[in-house]
file my_file.cif (mmCIF, C-alpha atoms and all ligand atoms)
data_final
#
loop_
_atom_site.group_PDB
_atom_site.id
_atom_site.type_symbol
_atom_site.label_atom_id
_atom_site.label_comp_id
_atom_site.auth_asym_id
_atom_site.auth_seq_id
_atom_site.Cartn_x
_atom_site.Cartn_y
_atom_site.Cartn_z
ATOM 1 C CA MET A 1 47.713 37.198 -29.488
ATOM 2 C CA ALA A 2 51.208 38.504 -28.789
ATOM 3 C CA HIS A 3 51.988 40.632 -25.764
ATOM 4 C CA ILE A 4 52.974 44.004 -27.230
ATOM 5 C CA ALA A 5 54.808 46.907 -25.649
ATOM 6 C CA VAL A 6 54.307 50.361 -27.129
ATOM 7 C CA LEU A 7 57.092 52.746 -26.109
ATOM 8 C CA GLY A 8 56.015 56.306 -26.849
ATOM 9 C CA THR A 9 52.352 57.206 -26.621
ATOM 10 C CA GLY A 10 52.300 60.577 -28.334
ATOM 11 C CA ARG A 11 49.771 61.165 -31.122
ATOM 12 C CA MET A 12 50.700 58.115 -33.203
ATOM 13 C CA GLY A 13 51.765 55.753 -30.417
ATOM 14 C CA ALA A 14 48.472 56.371 -28.594
ATOM 15 C CA ALA A 15 46.435 55.855 -31.768
ATOM 16 C CA ILE A 16 48.292 52.618 -32.544
ATOM 17 C CA THR A 17 47.754 51.411 -28.981
ATOM 18 C CA ARG A 18 44.014 52.077 -29.231
ATOM 19 C CA ARG A 19 43.879 50.084 -32.468
ATOM 20 C CA LEU A 20 45.841 47.193 -30.942
ATOM 21 C CA LEU A 21 43.496 47.124 -27.945
ATOM 22 C CA ASP A 22 40.449 47.255 -30.240
ATOM 23 C CA THR A 23 41.767 44.251 -32.157
ATOM 24 C CA GLY A 24 42.172 42.190 -28.983
ATOM 25 C CA HIS A 25 45.891 42.516 -28.251
ATOM 26 C CA ARG A 26 47.473 42.660 -24.827
ATOM 27 C CA VAL A 27 49.344 45.965 -24.695
ATOM 28 C CA THR A 28 51.741 47.492 -22.175
ATOM 29 C CA VAL A 29 52.523 51.164 -22.680
ATOM 30 C CA TRP A 30 55.335 53.414 -21.553
ATOM 31 C CA ASN A 31 55.743 57.126 -22.175
ATOM 32 C CA ARG A 32 58.344 59.604 -20.916
ATOM 33 C CA THR A 33 55.498 61.865 -19.780
ATOM 34 C CA ALA A 34 53.546 59.284 -17.822
ATOM 35 C CA GLU A 35 50.194 61.156 -17.817
ATOM 36 C CA LYS A 36 49.841 60.470 -21.542
ATOM 37 C CA THR A 37 49.295 56.785 -20.793
ATOM 38 C CA GLU A 38 46.334 57.328 -18.453
ATOM 39 C CA ALA A 39 43.601 57.293 -21.102
ATOM 40 C CA LEU A 40 45.153 54.174 -22.617
ATOM 41 C CA VAL A 41 45.150 52.412 -19.243
ATOM 42 C CA ALA A 42 41.473 53.329 -18.921
ATOM 43 C CA ALA A 43 40.992 51.703 -22.351
ATOM 44 C CA GLY A 44 42.617 48.448 -21.220
ATOM 45 C CA ALA A 45 46.386 48.870 -21.563
ATOM 46 C CA ARG A 46 48.844 48.249 -18.743
ATOM 47 C CA ALA A 47 51.330 51.024 -17.923
ATOM 48 C CA ALA A 48 55.003 50.247 -17.330
ATOM 49 C CA PRO A 49 57.131 52.509 -15.109
ATOM 50 C CA THR A 50 60.171 52.249 -17.433
ATOM 51 C CA PRO A 51 60.736 51.294 -21.104
ATOM 52 C CA ALA A 52 61.790 47.802 -19.966
ATOM 53 C CA VAL A 53 58.868 45.433 -20.531
ATOM 54 C CA PRO A 54 60.558 42.050 -20.097
ATOM 55 C CA ASP A 55 57.629 39.810 -21.062
ATOM 56 C CA ALA A 56 56.761 41.679 -24.300
ATOM 57 C CA GLU A 57 57.233 39.607 -27.469
ATOM 58 C CA VAL A 58 56.824 42.558 -29.822
ATOM 59 C CA VAL A 59 58.177 45.948 -28.761
ATOM 60 C CA ILE A 60 57.013 48.944 -30.793
ATOM 61 C CA THR A 61 58.795 52.288 -30.651
ATOM 62 C CA MET A 62 56.904 55.361 -31.903
ATOM 63 C CA LEU A 63 58.988 58.385 -30.942
ATOM 64 C CA THR A 64 59.952 61.779 -32.298
ATOM 65 C CA ASP A 65 63.392 61.210 -33.767
ATOM 66 C CA ALA A 66 66.496 59.019 -33.950
ATOM 67 C CA ALA A 67 67.992 60.296 -30.678
ATOM 68 C CA ALA A 68 64.828 59.421 -28.767
ATOM 69 C CA VAL A 69 64.682 55.977 -30.402
ATOM 70 C CA ARG A 70 68.331 55.258 -29.515
ATOM 71 C CA ASP A 71 67.819 56.266 -25.867
ATOM 72 C CA VAL A 72 64.587 54.371 -25.419
ATOM 73 C CA VAL A 73 65.845 51.200 -27.140
ATOM 74 C CA ALA A 74 68.933 51.262 -24.905
ATOM 75 C CA ALA A 75 66.693 51.406 -21.836
ATOM 76 C CA ALA A 76 64.206 48.824 -23.111
ATOM 77 C CA ASP A 77 66.184 45.779 -21.945
ATOM 78 C CA LEU A 78 64.945 43.740 -24.929
ATOM 79 C CA ARG A 79 64.952 40.009 -24.393
ATOM 80 C CA PRO A 80 66.236 37.426 -26.899
ATOM 81 C CA GLY A 81 63.388 36.112 -29.038
ATOM 82 C CA SER A 82 61.526 39.403 -29.055
ATOM 83 C CA VAL A 83 61.057 41.653 -32.085
ATOM 84 C CA LEU A 84 61.732 45.386 -31.992
ATOM 85 C CA VAL A 85 59.407 47.174 -34.407
ATOM 86 C CA GLU A 86 60.636 50.705 -35.017
ATOM 87 C CA MET A 87 57.728 52.748 -36.417
ATOM 88 C CA SER A 88 58.965 56.348 -36.055
ATOM 89 C CA THR A 89 60.286 58.245 -39.077
ATOM 90 C CA ILE A 90 64.045 58.307 -38.534
ATOM 91 C CA GLY A 91 65.535 57.223 -41.881
ATOM 92 C CA PRO A 92 67.416 54.043 -42.809
ATOM 93 C CA ALA A 93 70.858 54.896 -41.374
ATOM 94 C CA ALA A 94 69.550 55.340 -37.830
ATOM 95 C CA ILE A 95 67.656 52.060 -38.097
ATOM 96 C CA ARG A 96 70.717 50.140 -39.183
ATOM 97 C CA GLU A 97 72.814 51.682 -36.403
ATOM 98 C CA LEU A 98 70.444 50.592 -33.619
ATOM 99 C CA ARG A 99 72.161 48.287 -31.136
ATOM 100 C CA VAL A 100 70.080 45.443 -29.671
ATOM 101 C CA PRO A 101 71.020 42.304 -27.712
ATOM 102 C CA ASP A 102 71.784 39.090 -29.632
ATOM 103 C CA GLY A 103 68.627 37.198 -30.522
ATOM 104 C CA VAL A 104 66.464 40.308 -30.905
ATOM 105 C CA GLU A 105 65.080 40.850 -34.390
ATOM 106 C CA VAL A 106 64.719 44.444 -35.626
ATOM 107 C CA VAL A 107 62.070 45.525 -38.113
ATOM 108 C CA ASP A 108 61.635 49.035 -39.486
ATOM 109 C CA ALA A 109 57.961 49.763 -39.997
ATOM 110 C CA PRO A 110 57.263 53.467 -40.511
ATOM 111 C CA VAL A 111 53.775 54.318 -41.621
ATOM 112 C CA LEU A 112 51.842 56.340 -44.164
ATOM 113 C CA GLY A 113 48.720 57.867 -42.637
ATOM 114 C CA SER A 114 48.014 59.864 -39.511
ATOM 115 C CA VAL A 115 46.022 59.503 -36.289
ATOM 116 C CA ALA A 116 42.619 58.648 -37.793
ATOM 117 C CA ALA A 117 44.127 56.018 -40.095
ATOM 118 C CA ALA A 118 45.991 54.463 -37.156
ATOM 119 C CA GLU A 119 42.873 54.269 -35.005
ATOM 120 C CA SER A 120 40.846 52.653 -37.780
ATOM 121 C CA GLY A 121 43.525 50.209 -38.933
ATOM 122 C CA GLN A 122 44.046 51.949 -42.269
ATOM 123 C CA LEU A 123 47.736 52.786 -42.131
ATOM 124 C CA THR A 124 50.126 51.701 -44.841
ATOM 125 C CA VAL A 125 53.041 50.035 -43.068
ATOM 126 C CA LEU A 126 56.365 50.080 -44.947
ATOM 127 C CA ALA A 127 58.255 47.175 -43.424
ATOM 128 C CA GLY A 128 61.917 46.261 -43.755
ATOM 129 C CA GLY A 129 63.701 43.251 -42.273
ATOM 130 C CA LYS A 130 62.339 39.955 -41.015
ATOM 131 C CA MET A 131 58.872 40.567 -39.597
ATOM 132 C CA GLY A 132 58.389 37.158 -38.001
ATOM 133 C CA ARG A 133 55.824 37.322 -35.198
ATOM 134 C CA ALA A 134 55.426 41.076 -35.750
ATOM 135 C CA ARG A 135 53.625 40.513 -39.058
ATOM 136 C CA PRO A 136 50.115 39.849 -37.645
ATOM 137 C CA VAL A 137 50.551 42.777 -35.261
ATOM 138 C CA LEU A 138 51.396 45.106 -38.157
ATOM 139 C CA GLU A 139 48.557 43.671 -40.244
ATOM 140 C CA SER A 140 46.098 44.751 -37.566
ATOM 141 C CA LEU A 141 47.246 48.350 -38.147
ATOM 142 C CA GLY A 142 46.633 48.404 -41.888
ATOM 143 C CA SER A 143 48.106 47.097 -45.099
ATOM 144 C CA VAL A 144 51.680 45.924 -44.825
ATOM 145 C CA ARG A 145 54.097 46.389 -47.689
ATOM 146 C CA HIS A 146 57.304 44.432 -47.228
ATOM 147 C CA CYS A 147 60.029 46.569 -48.825
ATOM 148 C CA GLY A 148 63.123 44.361 -48.383
ATOM 149 C CA ASP A 149 66.033 44.314 -45.941
ATOM 150 C CA LEU A 150 66.322 46.263 -42.706
ATOM 151 C CA GLY A 151 66.070 49.991 -43.445
ATOM 152 C CA SER A 152 64.200 49.601 -46.732
ATOM 153 C CA GLY A 153 60.871 50.638 -45.185
ATOM 154 C CA ALA A 154 62.508 53.668 -43.576
ATOM 155 C CA ALA A 155 64.028 54.620 -46.940
ATOM 156 C CA LEU A 156 60.705 54.388 -48.790
ATOM 157 C CA LYS A 157 59.041 56.417 -46.018
ATOM 158 C CA LEU A 158 61.469 59.304 -46.656
ATOM 159 C CA VAL A 159 60.686 59.097 -50.364
ATOM 160 C CA ALA A 160 56.946 59.271 -49.595
ATOM 161 C CA ASN A 161 57.359 62.196 -47.212
ATOM 162 C CA THR A 162 59.516 64.074 -49.714
ATOM 163 C CA ALA A 163 56.569 63.895 -52.110
ATOM 164 C CA LEU A 164 54.030 64.759 -49.398
ATOM 165 C CA VAL A 165 55.825 67.830 -48.084
ATOM 166 C CA THR A 166 57.052 69.233 -51.406
ATOM 167 C CA GLY A 167 53.554 68.632 -52.830
ATOM 168 C CA LEU A 168 51.909 70.611 -50.039
ATOM 169 C CA ALA A 169 54.520 73.368 -50.347
ATOM 170 C CA ALA A 170 53.817 73.520 -54.114
ATOM 171 C CA LEU A 171 50.088 73.721 -53.398
ATOM 172 C CA ALA A 172 50.701 76.541 -50.902
ATOM 173 C CA ASP A 173 52.632 78.480 -53.575
ATOM 174 C CA THR A 174 49.916 77.745 -56.134
ATOM 175 C CA MET A 175 47.339 79.262 -53.784
ATOM 176 C CA VAL A 176 49.514 82.361 -53.427
ATOM 177 C CA VAL A 177 49.447 82.669 -57.224
ATOM 178 C CA ALA A 178 45.654 82.159 -57.235
ATOM 179 C CA ARG A 179 45.271 84.970 -54.709
ATOM 180 C CA ALA A 180 47.557 87.284 -56.702
ATOM 181 C CA LEU A 181 45.415 86.653 -59.785
ATOM 182 C CA GLY A 182 42.167 87.239 -57.911
ATOM 183 C CA VAL A 183 41.051 83.619 -58.436
ATOM 184 C CA ASP A 184 38.595 82.375 -55.817
ATOM 185 C CA ALA A 185 40.283 79.833 -53.496
ATOM 186 C CA GLU A 186 37.459 77.284 -53.683
ATOM 187 C CA ALA A 187 37.402 77.483 -57.488
ATOM 188 C CA ALA A 188 41.165 77.012 -57.593
ATOM 189 C CA LEU A 189 41.082 74.024 -55.217
ATOM 190 C CA SER A 190 38.286 72.310 -57.146
ATOM 191 C CA VAL A 191 40.286 72.550 -60.389
ATOM 192 C CA LEU A 192 43.558 71.565 -58.701
ATOM 193 C CA ALA A 193 41.804 68.498 -57.243
ATOM 194 C CA ARG A 194 41.705 67.115 -60.800
ATOM 195 C CA GLY A 195 45.333 67.845 -61.641
ATOM 196 C CA ALA A 196 48.891 66.956 -60.699
ATOM 197 C CA LEU A 197 48.446 68.201 -57.111
ATOM 198 C CA ALA A 198 45.238 66.214 -56.506
ATOM 199 C CA GLY A 199 46.814 64.224 -53.671
ATOM 200 C CA ALA A 200 47.960 67.402 -51.958
ATOM 201 C CA VAL A 201 44.437 68.874 -52.168
ATOM 202 C CA THR A 202 43.017 65.668 -50.662
ATOM 203 C CA ARG A 203 45.564 65.792 -47.859
ATOM 204 C CA VAL A 204 44.734 69.411 -46.991
ATOM 205 C CA THR A 205 41.038 68.614 -46.651
ATOM 206 C CA ALA A 206 41.594 65.295 -44.825
ATOM 207 C CA VAL A 207 39.926 64.839 -41.440
ATOM 208 C CA GLY A 208 41.959 63.301 -38.591
ATOM 209 C CA ALA A 209 45.407 64.279 -39.863
ATOM 210 C CA ALA A 210 47.724 65.552 -37.119
ATOM 211 C CA PHE A 211 51.224 65.681 -38.574
ATOM 212 C CA PRO A 212 52.900 68.796 -37.204
ATOM 213 C CA VAL A 213 55.013 71.111 -39.352
ATOM 214 C CA ALA A 214 57.945 70.480 -36.965
ATOM 215 C CA LEU A 215 57.918 66.710 -37.683
ATOM 216 C CA ALA A 216 57.674 67.336 -41.436
ATOM 217 C CA ALA A 217 60.690 69.657 -41.138
ATOM 218 C CA LYS A 218 62.556 66.890 -39.296
ATOM 219 C CA ASP A 219 61.858 64.552 -42.234
ATOM 220 C CA LEU A 220 63.118 67.057 -44.814
ATOM 221 C CA ASP A 221 66.273 67.503 -42.717
ATOM 222 C CA LEU A 222 66.804 63.733 -42.951
ATOM 223 C CA VAL A 223 66.416 63.940 -46.733
ATOM 224 C CA LEU A 224 68.743 66.948 -47.000
ATOM 225 C CA GLY A 225 71.362 64.965 -45.107
ATOM 226 C CA LEU A 226 71.402 62.538 -48.045
ATOM 227 C CA ALA A 227 70.853 64.707 -51.116
ATOM 228 C CA ASP A 228 70.416 68.356 -52.001
ATOM 229 C CA PRO A 229 67.447 68.675 -54.374
ATOM 230 C CA PRO A 230 66.480 72.360 -54.781
ATOM 231 C CA VAL A 231 62.725 71.812 -54.431
ATOM 232 C CA VAL A 232 63.259 69.984 -51.132
ATOM 233 C CA ARG A 233 65.449 72.875 -49.959
ATOM 234 C CA ALA A 234 62.694 75.312 -50.925
ATOM 235 C CA ALA A 235 60.051 73.253 -49.105
ATOM 236 C CA ALA A 236 62.246 73.206 -45.994
ATOM 237 C CA ALA A 237 62.390 77.017 -46.180
ATOM 238 C CA VAL A 238 58.582 77.163 -46.448
ATOM 239 C CA LEU A 239 58.313 75.065 -43.281
ATOM 240 C CA ARG A 240 60.840 77.250 -41.447
ATOM 241 C CA GLU A 241 58.610 80.253 -42.137
ATOM 242 C CA ALA A 242 55.378 78.506 -41.133
ATOM 243 C CA PRO A 243 53.684 80.423 -38.324
ATOM 244 C CA GLU A 244 52.627 77.371 -36.297
ATOM 245 C CA ARG A 245 55.232 74.607 -35.890
ATOM 246 C CA ASP A 246 52.843 72.427 -33.867
ATOM 247 C CA ALA A 247 49.933 72.727 -36.295
ATOM 248 C CA ASP A 248 49.163 70.095 -38.925
ATOM 249 C CA LEU A 249 51.187 70.353 -42.143
ATOM 250 C CA GLY A 250 47.985 71.235 -44.025
ATOM 251 C CA THR A 251 48.038 74.664 -42.359
ATOM 252 C CA ILE A 252 50.856 75.796 -44.697
ATOM 253 C CA VAL A 253 48.317 75.650 -47.526
ATOM 254 C CA ARG A 254 45.472 77.166 -45.521
ATOM 255 C CA ALA A 255 47.791 80.037 -44.476
ATOM 256 C CA ALA A 256 48.522 80.740 -48.140
ATOM 257 C CA THR A 257 44.852 80.641 -49.197
HETATM 258 N N1 LIG A 301 51.653 62.540 -36.562
HETATM 259 C C1 LIG A 301 51.553 61.916 -37.715
HETATM 260 O O1 LIG A 301 50.574 62.075 -38.466
HETATM 261 C C2 LIG A 301 52.634 60.958 -38.163
HETATM 262 C C3 LIG A 301 52.373 60.122 -39.230
HETATM 263 C C4 LIG A 301 53.360 59.210 -39.645
HETATM 264 C C5 LIG A 301 54.564 59.158 -38.990
HETATM 265 N N2 LIG A 301 54.813 60.020 -37.943
HETATM 266 C C6 LIG A 301 56.110 59.900 -37.268
HETATM 267 O O2 LIG A 301 55.887 59.164 -36.081
HETATM 268 C C7 LIG A 301 56.727 59.625 -35.031
HETATM 269 C C8 LIG A 301 55.870 60.066 -33.849
HETATM 270 O O3 LIG A 301 55.018 61.112 -34.269
HETATM 271 P P1 LIG A 301 53.862 61.687 -33.291
HETATM 272 O O4 LIG A 301 53.011 62.545 -34.143
HETATM 273 O O5 LIG A 301 53.251 60.594 -32.490
HETATM 274 O O6 LIG A 301 54.744 62.607 -32.333
HETATM 275 P P2 LIG A 301 54.381 63.154 -30.873
HETATM 276 O O7 LIG A 301 52.908 63.185 -30.656
HETATM 277 O O8 LIG A 301 55.140 64.428 -30.737
HETATM 278 O O9 LIG A 301 54.997 62.056 -29.904
HETATM 279 C C9 LIG A 301 56.385 61.926 -29.768
HETATM 280 C C10 LIG A 301 56.666 60.877 -28.732
HETATM 281 O O10 LIG A 301 58.101 60.760 -28.583
HETATM 282 C C11 LIG A 301 58.409 60.883 -27.181
HETATM 283 N N3 LIG A 301 59.772 61.397 -27.022
HETATM 284 C C12 LIG A 301 60.333 62.443 -27.679
HETATM 285 N N4 LIG A 301 61.620 62.606 -27.294
HETATM 286 C C13 LIG A 301 61.861 61.632 -26.375
HETATM 287 C C14 LIG A 301 63.004 61.252 -25.625
HETATM 288 N N5 LIG A 301 64.170 61.913 -25.760
HETATM 289 N N6 LIG A 301 62.904 60.203 -24.793
HETATM 290 C C15 LIG A 301 61.746 59.515 -24.678
HETATM 291 N N7 LIG A 301 60.620 59.824 -25.359
HETATM 292 C C16 LIG A 301 60.686 60.870 -26.203
HETATM 293 C C17 LIG A 301 57.328 61.790 -26.638
HETATM 294 O O11 LIG A 301 57.293 61.678 -25.234
HETATM 295 P P3 LIG A 301 56.619 62.853 -24.351
HETATM 296 O O12 LIG A 301 55.154 62.627 -24.428
HETATM 297 O O13 LIG A 301 57.191 62.664 -23.006
HETATM 298 O O14 LIG A 301 57.040 64.171 -24.988
HETATM 299 C C18 LIG A 301 56.123 61.194 -27.345
HETATM 300 O O15 LIG A 301 55.724 59.999 -26.747
HETATM 301 C C19 LIG A 301 57.587 60.739 -35.645
HETATM 302 O O16 LIG A 301 58.807 60.203 -36.072
HETATM 303 C C20 LIG A 301 56.737 61.208 -36.823
HETATM 304 O O17 LIG A 301 57.529 61.805 -37.832
HETATM 305 C C21 LIG A 301 53.872 60.907 -37.505
#

call {"tool": "encode", "arguments": {"input": "my_file.cif", "output": "structure tokens", "more": "lines below"}}
Ligand SMILES: NC(=O)c1ccc[n+]([C@@H]2O[C@H](COP(=O)([O-])OP(=O)(O)OC[C@H]3O[C@@H](n4cnc5c(N)ncnc54)[C@H](OP(=O)(O)O)[C@@H]3O)[C@@H](O)[C@H]2O)c1
result
Amino acid sequence: MAHIAVLGTGRMGAAITRRLLDTGHRVTVWNRTAEKTEALVAAGARAAPTPAVPDAEVVITMLTDAAAVRDVVAAADLRPGSVLVEMSTIGPAAIRELRVPDGVEVVDAPVLGSVAAAESGQLTVLAGGKMGRARPVLESLGSVRHCGDLGSGAALKLVANTALVTGLAALADTMVVARALGVDAEAALSVLARGALAGAVTRVTAVGAAFPVALAAKDLDLVLGLADPPVVRAAAAVLREAPERDADLGTIVRAAT
């Protein structure tokens, strides 16, 4: 088993760490707010005082955004022969611009699925670049889809999140229409569950999803930096008006119901 460092133990980094520990890996964790590593240490991880974990063979970053990833990678002191596995959602350009020492392989591996899927090894990992010794590590987190060169996983992740967020925004609007017509919400949802928005209905009722509105808005901003599709713009406006930025994305539908 490889020695793995997980840099960033927020919701997803912590869930991934728990899964790696459950599957027998040796894991060292670092988080900017050190208290968030305590439960993971109790579960068997080692805590590092800085992002530099010199003996790690696979270094995973799971952080909010591209700026955080850049800063943490710069401080990680990666050693030649190791693999940096970038799992945050930051888009392909930021991945390709990451600077690492010679001899360090970089893999983009953003994921589909939230906290519960990470803990139970049921993520879909969208990998780009040469996985090398990171492959078995990623396979313990779920099913791995190799997308192509570096950045290709990050690109497909933005495509997937465009569909996820615009789909939920469309479902929220549909529920507003249902309310205006006096249609019972449960009746509407049960019919919609058999139609074009079925995936969005499933997502809203999913247990163990913790993907905050603020992170979804960050992803749409990444998309809007590349293209200007009107439905994506409209979905971004829906998120800006959402009452709770820290609540799961599904709340935009519940608020409209
Ligand atoms: N939540 C989901 O369901 C989900 C699913 C798929 C993908 N994602 C993506 O995965 C990434 C992480 O999401 P999450 O839900 O785990 O977020 P989160 O719970 O908010 O955790 C964010 C992590 O980034 C760290 N961080 C932020 N800015 C930093 C900085 N400047 N320097 C160092 N560390 C910094 C935080 O440290 P502190 O604890 O010190 O704040 C924390 O460890 C995001 O890109 C998100 O879009 C999330």

call {"tool": "residues_near_ligand", "arguments": {"input": "my_file.cif", "ligand": "ligand LIG 301 (chain A)", "cutoff": "7 Å", "atoms": "all atoms listed in the file", "output": "compact mmCIF listing (two decimals) with C-alpha atoms, in the frame of the given file"}}
result
# COMPACT_ATOMS: atom_id res chain seq x y z
CA GLY A 8 56.02 56.31 -26.85
CA THR A 9 52.35 57.21 -26.62
CA GLY A 10 52.30 60.58 -28.33
CA ARG A 11 49.77 61.16 -31.12
CA MET A 12 50.70 58.12 -33.20
CA GLY A 13 51.76 55.75 -30.42
CA ASN A 31 55.74 57.13 -22.18
CA ARG A 32 58.34 59.60 -20.92
CA THR A 33 55.50 61.86 -19.78
CA LYS A 36 49.84 60.47 -21.54
CA MET A 62 56.90 55.36 -31.90
CA LEU A 63 58.99 58.38 -30.94
CA THR A 64 59.95 61.78 -32.30
CA ASP A 65 63.39 61.21 -33.77
CA ALA A 67 67.99 60.30 -30.68
CA ALA A 68 64.83 59.42 -28.77
CA ASP A 71 67.82 56.27 -25.87
CA VAL A 72 64.59 54.37 -25.42
CA MET A 87 57.73 52.75 -36.42
CA SER A 88 58.96 56.35 -36.06
CA THR A 89 60.29 58.24 -39.08
CA ILE A 90 64.04 58.31 -38.53
CA PRO A 110 57.26 53.47 -40.51
CA VAL A 111 53.78 54.32 -41.62
CA LEU A 112 51.84 56.34 -44.16
CA GLY A 113 48.72 57.87 -42.64
CA SER A 114 48.01 59.86 -39.51
CA VAL A 115 46.02 59.50 -36.29
CA ALA A 209 45.41 64.28 -39.86
CA ALA A 210 47.72 65.55 -37.12
CA PHE A 211 51.22 65.68 -38.57
CA PRO A 212 52.90 68.80 -37.20
CA LEU A 215 57.92 66.71 -37.68
CA ALA A 216 57.67 67.34 -41.44
CA ASP A 219 61.86 64.55 -42.23

call {"tool": "resolve_selection", "arguments": {"input": "my_file.cif", "expression": "the PyMOL selection byres (((chain A and resi 223) around 12) and not hetatm)", "output": "PyMOL selection string"}}
result
chain A and resi 89-93+154-163+165-166+216-222+224-233+235-236

call {"tool": "atom_distance", "arguments": {"input": "my_file.cif", "atom1": "atom CA of Pro51 of chain A", "atom2": "atom CA of Gly128 of chain A"}}
result
23.2 Å

call {"tool": "closest_residue", "arguments": {"input": "my_file.cif", "among": "A:Val107, A:Leu171, A:Asp102, A:Val137", "to": "Gly195 of chain A", "atoms": "only C-alpha atoms"}}
result
A:Leu171

call {"tool": "resolve_selection", "arguments": {"input": "my_file.cif", "expression": "the PyMOL selection byres (((chain A and resi 53-55) around 8) and not hetatm)", "output": "ChimeraX atom specification"}}
result
/A:3,5,28,48,50-52,56-57,76-79

call {"tool": "atom_distance", "arguments": {"input": "my_file.cif", "atom1": "atom CA of Glu35 of chain A", "atom2": "atom CA of Val58 of chain A"}}
result
23.1 Å
